[in-house]
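Participant: Take a look at model-v5.cif, mmCIF, C-alpha atoms and all ligand atoms:
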data_data
#
loop_
_atom_site.label_atom_id
_atom_site.label_comp_id
_atom_site.auth_asym_id
_atom_site.auth_seq_id
_atom_site.Cartn_x
_atom_site.Cartn_y
_atom_site.Cartn_z
CA MET A 1 -13.40 4.51 -21.57
CA SER A 2 -15.61 7.57 -21.32
CA GLY A 3 -19.38 7.38 -21.56
CA VAL A 4 -22.11 6.73 -19.10
CA GLY A 5 -20.68 3.61 -17.46
CA SER A 6 -18.75 3.58 -14.23
CA PHE A 7 -16.43 1.27 -12.30
CA VAL A 8 -16.15 0.18 -8.69
CA GLY A 9 -12.73 -0.05 -7.07
CA ILE A 10 -12.09 -1.63 -3.67
CA ASP A 11 -8.90 -1.39 -1.62
CA LEU A 12 -8.79 -4.28 0.86
CA GLY A 13 -6.45 -3.21 3.65
CA GLY A 14 -5.47 -4.76 6.96
CA THR A 15 -7.34 -2.12 8.97
CA LYS A 16 -9.90 -0.69 6.55
CA ILE A 17 -11.75 -1.48 3.35
CA ARG A 18 -12.18 1.52 1.09
CA GLY A 19 -14.40 1.55 -1.99
CA VAL A 20 -15.01 4.12 -4.72
CA LEU A 21 -17.42 4.47 -7.60
CA ALA A 22 -15.51 6.19 -10.40
CA ASP A 23 -16.06 7.19 -13.99
CA GLY A 24 -13.67 6.17 -16.77
CA GLU A 25 -11.54 9.28 -16.16
CA GLY A 26 -10.92 8.55 -12.50
CA ARG A 27 -13.43 11.02 -11.10
CA ILE A 28 -14.85 9.74 -7.82
CA LEU A 29 -18.66 9.69 -7.87
CA ALA A 30 -19.11 8.09 -4.44
CA SER A 31 -17.01 6.41 -1.78
CA ARG A 32 -17.47 4.11 1.23
CA GLN A 33 -15.21 2.93 3.99
CA GLU A 34 -15.55 0.35 6.78
CA PRO A 35 -13.14 -1.20 9.27
CA THR A 36 -11.84 -4.53 7.93
CA GLY A 37 -12.52 -6.40 11.15
CA ALA A 38 -9.79 -8.92 10.31
CA SER A 39 -10.21 -10.73 13.65
CA GLU A 40 -13.82 -11.65 12.71
CA GLY A 41 -12.64 -14.16 10.11
CA SER A 42 -12.68 -14.42 6.32
CA LYS A 43 -16.48 -14.70 5.91
CA ALA A 44 -17.12 -11.51 7.87
CA VAL A 45 -14.41 -9.58 6.02
CA PHE A 46 -15.81 -10.76 2.70
CA ALA A 47 -19.35 -9.78 3.78
CA THR A 48 -18.16 -6.23 4.57
CA LEU A 49 -16.29 -5.96 1.28
CA ALA A 50 -19.25 -7.32 -0.69
CA SER A 51 -21.71 -4.95 0.98
CA ILE A 52 -19.49 -1.92 0.21
CA ALA A 53 -19.23 -3.06 -3.43
CA ALA A 54 -22.97 -3.79 -3.68
CA SER A 55 -23.97 -0.40 -2.28
CA LEU A 56 -21.63 1.39 -4.73
CA VAL A 57 -23.05 -0.66 -7.62
CA GLU A 58 -26.55 0.28 -6.47
CA GLU A 59 -25.61 3.95 -6.20
CA GLY A 60 -24.14 3.90 -9.72
CA ARG A 61 -27.30 2.30 -11.13
CA ALA A 62 -29.54 4.80 -9.33
CA ALA A 63 -27.54 7.66 -10.86
CA GLY A 64 -27.90 6.18 -14.35
CA ARG A 65 -24.19 5.22 -14.43
CA ALA A 66 -24.42 1.46 -14.00
CA PRO A 67 -21.00 0.02 -13.12
CA LEU A 68 -19.49 -2.23 -15.80
CA ALA A 69 -16.88 -3.99 -13.67
CA VAL A 70 -15.40 -4.16 -10.19
CA GLY A 71 -11.69 -4.11 -9.29
CA VAL A 72 -10.26 -5.27 -5.96
CA GLY A 73 -6.72 -4.52 -4.80
CA ALA A 74 -5.71 -7.04 -2.13
CA PRO A 75 -2.54 -7.98 -0.34
CA GLY A 76 -0.98 -11.20 -1.58
CA PRO A 77 0.35 -13.56 -2.50
CA LEU A 78 -2.48 -13.98 -5.03
CA ASP A 79 -3.48 -16.14 -7.94
CA ALA A 80 -4.79 -13.06 -9.72
CA GLU A 81 -5.88 -14.88 -12.85
CA ARG A 82 -8.25 -17.12 -10.89
CA GLY A 83 -9.18 -14.35 -8.45
CA ILE A 84 -7.82 -16.20 -5.41
CA ILE A 85 -6.11 -14.76 -2.35
CA LEU A 86 -3.63 -17.53 -1.49
CA VAL A 87 -2.57 -16.29 1.93
CA THR A 88 -2.15 -12.93 3.67
CA GLU A 89 -0.31 -12.02 6.85
CA ASN A 90 -2.69 -9.31 8.08
CA LEU A 91 -6.00 -10.82 6.92
CA PRO A 92 -7.70 -14.16 7.65
CA PHE A 93 -7.71 -15.45 4.04
CA VAL A 94 -6.23 -18.78 2.92
CA ASP A 95 -6.97 -19.94 -0.66
CA PHE A 96 -10.01 -17.66 -0.67
CA PRO A 97 -11.80 -17.31 -4.05
CA LEU A 98 -12.56 -13.63 -3.58
CA GLY A 99 -12.96 -12.83 -7.29
CA PRO A 100 -15.46 -15.64 -8.15
CA SER A 101 -17.40 -15.12 -4.87
CA LEU A 102 -17.80 -11.40 -5.52
CA GLU A 103 -18.77 -12.00 -9.17
CA ALA A 104 -21.48 -14.40 -8.00
CA ARG A 105 -22.76 -11.86 -5.49
CA LEU A 106 -22.77 -8.82 -7.81
CA GLY A 107 -23.33 -10.34 -11.25
CA LEU A 108 -20.47 -8.22 -12.62
CA PRO A 109 -16.94 -9.07 -13.78
CA VAL A 110 -14.42 -8.74 -10.93
CA LYS A 111 -10.71 -8.13 -11.41
CA LEU A 112 -8.53 -9.07 -8.44
CA ASP A 113 -5.07 -7.55 -8.40
CA ASN A 114 -2.20 -6.88 -6.05
CA ASP A 115 -2.88 -3.81 -3.86
CA GLY A 116 0.51 -2.23 -4.61
CA CYS A 117 -0.06 -2.71 -8.32
CA ALA A 118 -3.50 -1.05 -8.05
CA ALA A 119 -2.14 1.93 -6.09
CA ALA A 120 0.73 2.38 -8.57
CA MET A 121 -1.82 2.45 -11.41
CA GLY A 122 -4.00 4.95 -9.53
CA GLU A 123 -1.07 7.33 -9.04
CA TYR A 124 0.16 6.82 -12.62
CA LEU A 125 -3.22 7.61 -14.19
CA TYR A 126 -4.71 10.18 -11.83
CA GLY A 127 -2.29 11.13 -9.04
CA ALA A 128 1.23 12.44 -8.48
CA GLY A 129 2.63 10.26 -11.24
CA ARG A 130 0.56 11.29 -14.26
CA GLY A 131 2.57 10.30 -17.30
CA ALA A 132 5.77 9.49 -15.35
CA ASP A 133 7.23 6.28 -16.77
CA PRO A 134 8.77 4.16 -15.33
CA LEU A 135 6.97 4.88 -12.08
CA VAL A 136 7.62 3.07 -8.81
CA TYR A 137 5.10 3.26 -5.96
CA VAL A 138 5.95 2.43 -2.35
CA THR A 139 3.47 2.36 0.51
CA ALA A 140 4.81 2.72 4.03
CA SER A 141 2.07 2.00 6.52
CA THR A 142 1.16 -0.88 8.85
CA GLY A 143 3.10 -2.90 6.28
CA ILE A 144 5.27 -1.96 3.32
CA GLY A 145 4.21 -2.66 -0.26
CA GLY A 146 4.76 -1.44 -3.76
CA GLY A 147 4.13 -1.51 -7.45
CA ALA A 148 5.70 -0.40 -10.69
CA ILE A 149 4.38 0.90 -13.99
CA ILE A 150 6.61 0.30 -16.98
CA GLY A 151 5.59 1.28 -20.51
CA GLY A 152 2.13 2.21 -19.21
CA ARG A 153 1.52 -1.26 -17.77
CA PRO A 154 1.78 -2.55 -14.23
CA LEU A 155 4.62 -4.99 -13.67
CA ARG A 156 2.79 -7.99 -12.25
CA GLY A 157 5.26 -10.82 -12.41
CA ARG A 158 3.93 -14.35 -12.89
CA GLY A 159 1.04 -14.30 -10.42
CA SER A 160 0.62 -10.57 -9.72
CA ASN A 161 3.13 -10.83 -6.87
CA ALA A 162 5.96 -8.63 -8.17
CA LEU A 163 7.17 -5.69 -6.07
CA GLU A 164 6.50 -7.30 -2.69
CA VAL A 165 8.77 -4.54 -1.48
CA GLY A 166 8.09 -5.21 2.20
CA HIS A 167 9.70 -8.63 2.02
CA MET A 168 12.94 -7.50 0.45
CA THR A 169 15.70 -8.60 2.86
CA LEU A 170 17.67 -5.61 4.14
CA LEU A 171 19.36 -7.10 7.21
CA PRO A 172 20.23 -10.84 7.10
CA GLU A 173 20.00 -11.48 10.86
CA GLY A 174 17.42 -8.75 11.50
CA PRO A 175 14.10 -9.02 13.35
CA GLU A 176 11.69 -11.77 12.39
CA CYS A 177 9.05 -10.86 9.81
CA LYS A 178 5.48 -12.20 9.72
CA CYS A 179 6.39 -13.92 6.44
CA GLY A 180 8.90 -16.15 8.25
CA ASN A 181 12.01 -14.45 6.90
CA ARG A 182 14.33 -12.22 8.94
CA GLY A 183 15.29 -8.62 8.31
CA CYS A 184 12.58 -7.80 5.74
CA ALA A 185 11.94 -4.10 5.03
CA GLU A 186 8.55 -4.53 6.71
CA ALA A 187 10.18 -5.86 9.90
CA LEU A 188 12.53 -2.85 10.00
CA ALA A 189 10.73 0.19 8.62
CA SER A 190 6.93 -0.29 8.77
CA GLY A 191 4.61 1.32 11.30
CA THR A 192 4.33 -2.08 12.97
CA ALA A 193 8.13 -2.37 13.22
CA ILE A 194 8.42 1.13 14.72
CA ALA A 195 5.74 0.27 17.31
CA ALA A 196 7.53 -3.01 18.16
CA ARG A 197 10.87 -1.17 18.71
CA ALA A 198 9.05 1.33 20.93
CA GLU A 199 7.59 -1.46 23.06
CA GLU A 200 11.04 -3.03 23.44
CA ALA A 201 12.44 0.36 24.48
CA VAL A 202 9.70 0.85 27.10
CA LEU A 203 10.34 -2.64 28.47
CA ALA A 204 14.09 -1.95 28.62
CA ALA A 205 13.48 1.38 30.38
CA SER A 206 11.32 -0.34 33.01
CA SER A 207 14.19 -2.68 33.89
CA GLY A 208 16.85 -0.02 34.36
CA GLY A 209 17.62 0.76 30.71
CA ARG A 210 17.68 4.15 29.06
CA PRO A 211 14.67 6.25 30.16
CA THR A 212 12.26 7.40 27.45
CA SER A 213 9.14 9.55 27.27
CA LEU A 214 7.57 6.65 25.32
CA SER A 215 6.99 5.01 28.73
CA SER A 216 4.24 7.54 29.47
CA CYS A 217 2.36 7.10 26.16
CA PRO A 218 -0.95 5.27 26.71
CA ARG A 219 -0.78 3.95 23.14
CA LEU A 220 2.43 3.10 21.29
CA GLY A 221 2.04 3.45 17.55
CA ALA A 222 4.35 4.90 14.91
CA GLU A 223 2.57 8.25 15.24
CA GLU A 224 3.44 8.52 18.94
CA VAL A 225 7.06 7.54 18.29
CA PHE A 226 7.42 10.25 15.61
CA ARG A 227 5.78 12.74 17.99
CA GLU A 228 8.11 11.93 20.91
CA ALA A 229 11.14 12.06 18.61
CA GLY A 230 10.01 15.51 17.50
CA ARG A 231 9.81 16.57 21.15
CA GLY A 232 13.46 15.58 21.63
CA ASP A 233 13.26 12.10 23.19
CA ALA A 234 16.58 10.45 22.27
CA VAL A 235 15.25 6.87 22.33
CA ALA A 236 12.29 7.69 20.06
CA GLU A 237 14.64 9.66 17.82
CA LEU A 238 16.92 6.64 17.40
CA ILE A 239 13.95 4.37 16.54
CA VAL A 240 12.66 6.83 13.93
CA SER A 241 16.04 7.52 12.35
CA GLU A 242 16.87 3.81 12.07
CA ALA A 243 13.48 2.96 10.53
CA LEU A 244 13.75 5.80 8.01
CA ALA A 245 17.31 4.77 7.16
CA TYR A 246 16.01 1.29 6.27
CA LEU A 247 13.10 2.75 4.30
CA GLY A 248 15.69 4.86 2.47
CA ILE A 249 17.76 1.76 1.62
CA CYS A 250 14.61 0.02 0.39
CA VAL A 251 13.70 2.94 -1.92
CA ALA A 252 17.31 3.36 -3.08
CA ASN A 253 17.41 -0.34 -4.06
CA LEU A 254 14.21 0.14 -6.09
CA ALA A 255 15.72 3.19 -7.78
CA THR A 256 18.83 1.18 -8.68
CA LEU A 257 16.69 -1.67 -10.05
CA PHE A 258 14.22 0.36 -12.11
CA ASP A 259 15.92 3.69 -12.96
CA PRO A 260 12.47 5.29 -12.64
CA GLU A 261 11.41 8.78 -13.60
CA LEU A 262 9.40 9.07 -10.39
CA ILE A 263 8.99 7.27 -7.08
CA VAL A 264 5.68 7.95 -5.31
CA ILE A 265 5.45 7.20 -1.59
CA GLY A 266 2.07 6.74 0.05
CA GLY A 267 0.70 5.20 3.24
CA GLY A 268 0.17 6.33 6.81
CA LEU A 269 3.85 6.90 7.65
CA CYS A 270 3.88 9.78 5.15
CA ARG A 271 1.82 11.72 7.67
CA SER A 272 5.14 12.15 9.53
CA GLY A 273 5.78 14.69 6.79
CA GLU A 274 8.92 16.06 5.25
CA ARG A 275 11.21 14.12 7.59
CA LEU A 276 10.44 10.83 5.81
CA PHE A 277 11.03 12.34 2.39
CA GLU A 278 14.30 13.98 3.48
CA ALA A 279 15.60 10.62 4.75
CA VAL A 280 14.58 8.79 1.59
CA ARG A 281 16.01 11.44 -0.76
CA LEU A 282 19.28 11.44 1.19
CA ALA A 283 19.53 7.63 0.94
CA VAL A 284 18.87 7.73 -2.81
CA ARG A 285 21.46 10.49 -3.36
CA SER A 286 24.10 8.70 -1.32
CA ARG A 287 23.46 5.10 -2.47
CA CYS A 288 22.45 5.32 -6.14
CA SER A 289 24.56 6.25 -9.14
CA LYS A 290 24.31 9.85 -10.30
CA ALA A 291 22.80 8.60 -13.55
CA VAL A 292 19.86 7.17 -11.57
CA SER A 293 19.49 9.73 -8.78
CA GLY A 294 20.27 12.86 -10.80
CA THR A 295 16.83 13.68 -12.15
CA LEU A 296 14.77 11.16 -10.15
CA ARG A 297 11.78 12.77 -8.42
CA ILE A 298 10.39 11.37 -5.14
CA LEU A 299 6.91 12.64 -4.27
CA PRO A 300 4.07 11.93 -1.83
CA ALA A 301 1.01 10.15 -3.25
CA GLY A 302 -1.35 12.61 -4.92
CA LEU A 303 -4.54 10.65 -4.28
CA GLY A 304 -4.01 10.16 -0.54
CA GLU A 305 -6.10 7.24 0.68
CA ASP A 306 -7.78 6.73 -2.70
CA SER A 307 -4.73 5.54 -4.74
CA GLY A 308 -5.53 1.85 -4.23
CA ALA A 309 -9.29 2.00 -4.76
CA LEU A 310 -9.08 4.29 -7.81
CA GLY A 311 -6.30 2.15 -9.27
CA ALA A 312 -8.38 -1.00 -8.73
CA ALA A 313 -11.28 0.68 -10.57
CA ALA A 314 -8.92 1.60 -13.42
CA LEU A 315 -7.56 -1.95 -13.68
CA ALA A 316 -11.13 -3.28 -13.76
CA ALA A 317 -11.95 -0.77 -16.51
CA GLN A 318 -8.91 -1.86 -18.52
CA ALA A 319 -9.79 -5.54 -18.11
CA ALA A 320 -13.43 -4.91 -19.06
CA CYS A 321 -12.64 -2.74 -22.07
CA GLY A 322 -9.61 -4.73 -23.22
CA ASP A 323 -7.59 -1.53 -23.02
CA GLN A 324 -4.39 -2.91 -21.54
CA ALA A 325 -2.34 0.21 -22.14
CA GLY A 326 -4.67 2.48 -20.20
ZN ZN B 401 8.87 -10.53 5.29
#
Go ahead and render the structure in this file as structure tokens.

Facilitator:
Amino acid sequence: MSGVGSFVGIDLGGTKIRGVLADGEGRILASRQEPTGASEGSKAVFATLASIAASLVEEGRAAGRAPLAVGVGAPGPLDAERGIILVTENLPFVDFPLGPSLEARLGLPVKLDNDGCAAAMGEYLYGAGRGADPLVYVTASTGIGGGAIIGGRPLRGRGSNALEVGHMTLLPEGPECKCGNRGCAEALASGTAIAARAEEAVLAASSGGRPTSLSSCPRLGAEEVFREAGRGDAVAELIVSEALAYLGICVANLATLFDPELIVIGGGLCRSGERLFEAVRLAVRSRCSKAVSGTLRILPAGLGEDSGALGAAALAAQAACGDQAG
């Protein structure tokens, strides 16, 4: 896949759209990022995504490295083969033909894939997981997602919807999830779940419940809850430790299922640092068999915010070049 061509990869997230222009070896030649603007509706989100892709295609052509294909990693469920986003909880798409629409706009082949699958591929080829097989990727951010690489290939399932890690039930009567189920990992351990618990705690404190320093935070996101826990607030500490315990269970279940060589964890919650990794490693040690946990490595994503976009570019390259094994 070397040579003068290049590939565009787009990571369509709930809060931002990130695009990269990359060569066949995963070197980033240019990148762009814009807020998703999910509340503006599907047409506006698509227009932003298409303009990021078009400007990267233009930049590649101007540099004499004309892109050969475009990859898009999107949250699902998807009909990846037909390039359709069926429905998403954090974005305004219903039965949206993103792949065909973008192909028509750019005049290039477009490969739509699951965002977790794309990020797993990015880490496997160019990031923390180079050569580690099987590799499991988990993203803990606004939502929770994942992907797995087995025998050098992403595990897609029937419609590219495998490894919807965030909707794995961890607590049967737990809090309601956006997907309609109760007690999903995403409803217990995501940044959104942590913020929701914090709001409940502030409400409880205002009506005579346990006081918390969270009450004086002007904004209540996961970052603030981690910060207040670090400063010794007992309520924030309980919220953080419970969320990380559930994330640990989620990762331990994946370890038991896949017996991977490596689990890579990415996403905004990783900014909380070593604490998250300690909790996850402890859960894996205490819940998985020694045969699985003994030599299993658990590492932060090596590509930071670029795992998804670079992985999407790599999947587009594989689709375009017929090189399914990478
Ligand atoms: Zn769910």

Participant: Find the residues near ligand ZN 401 (chain B). Use a cut-off of 9 Å, count all atoms listed in the file, and write them as a count of residues only.

Facilitator: 17

Participant: Might you pull out every residue within 12 Å of Ala204 (chain A), with only C-alpha atoms counted and same-chain residues fewer than 6 positions away left off, and present them as a VMD selection string?

Facilitator: chain A and resid 197 to 198 210 to 212 214 to 215 235

Participant: Report, as lines of an AutoDock Vina configuration file, the centre and edge lengths in Å (one decimal) of the axis-aligned box enclosing every listed atom of region 268-285 of chain A, padded by 6 Å on each side.

Facilitator:
center_x = 10.8
center_y = 11.2
center_z = 3.1
size_x = 33.3
size_y = 21.7
size_z = 24.9

Participant: When you draw a straight line from CA of Met121 (chain A) to CA of Tyr137 (chain A), how long is it in Å?

Facilitator: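 Calculated distance between CA of Met121 (chain A) and CA of Tyr137 (chain A) is 8.8 Å.
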
Participant: Determine, counting all atoms listed in the file, which protein, DNA and RNA residues have an atom within 10 Å of an atom of Gly116 (chain A); residues of the same chain fewer than 4 positions away are not included. Present the result as a list in words.

Facilitator: Asp11, Gly73, Ala74, Pro75, Gly76, Ala120, Met121, Gly122, Val136, Tyr137, Val138, Thr139, Ile144, Gly145, Gly146, Gly147, Ala148, Pro154, Arg156, Ser160, Asn161, Ala162, Leu163, Glu164, Val165, Ser307, Gly308, Gly311 and Ala312 of chain A

Participant: Name the closest residue to Leu299 (chain A) among the candidates A:Ala193, A:Leu247, A:Leu188, A:Leu135; distances are taken between atoms, counting all atoms listed in the file.

Facilitator: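 Distance minimum relative to Leu299 (chain A) lands on A:Leu135.
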
Participant: Rounded to one decimal, what separation in Å do you get between CA of Ile17 (chain A) and CA of Arg61 (chain A)?

Facilitator: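 Atom-to-atom, CA of Ile17 (chain A) to CA of Arg61 (chain A), that is 21.6 Å.
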
Participant: Using all atoms listed in the file, find the one residue out of A:Asp233, A:Glu228, A:Asp115, A:Glu25 that sits nearest to Gly71 (chain A).

Facilitator: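 Nearest candidate to Gly71 (chain A) out of A:Asp233, A:Glu228, A:Asp115, A:Glu25: A:Asp115.
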
Participant: Between A:Leu170, A:Leu91, A:Ile10, A:Val70, which residue has the minimum interatomic distance to Ala119 (chain A), considering all atoms listed in the file?

Facilitator: A:Ile10

Participant: Set the distance at 9 Å and use only C-alpha atoms: which residues neighbour region 255-270 of chain A once local chain neighbours fewer than 3 positions away are removed? I'd like the list as a PyMOL selection string.

Facilitator: chain A and resi 119-120+123+128-129+132-144+146+148+150+190-191+222-223+250-252+273-277+284+287-289+291-293+295-305+307

Participant: Measuring between all atoms listed in the file, which one of A:Asn253, A:Ser272, A:Ser6, A:Ser206 shows the shortest distance to Val57 (chain A)?

Facilitator: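 Of A:Asn253, A:Ser272, A:Ser6, A:Ser206, the one nearest Val57 (chain A) is A:Ser6, counting all atoms listed in the file.
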
Participant: Please identify all polymer residues within 10 Å of Pro35 (chain A), counting all atoms listed in the file, omitting same-chain residues fewer than 5 positions from it, and present them as a ChimeraX atom specification.

Facilitator: /A:12-18,45,48-49

Participant: A:Gly5, A:Ala320, A:Leu244, A:Ala314: which is nearest Ala283 (chain A), counting all atoms listed in the file?

Facilitator: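 Checking each candidate against Ala283 (chain A), we get A:Leu244 as the closest.
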
Participant: For CA of Ser39 (chain A) and CA of Val94 (chain A), determine how far apart the two atoms are, in Å to one decimal place.

Facilitator: 14.0 Å
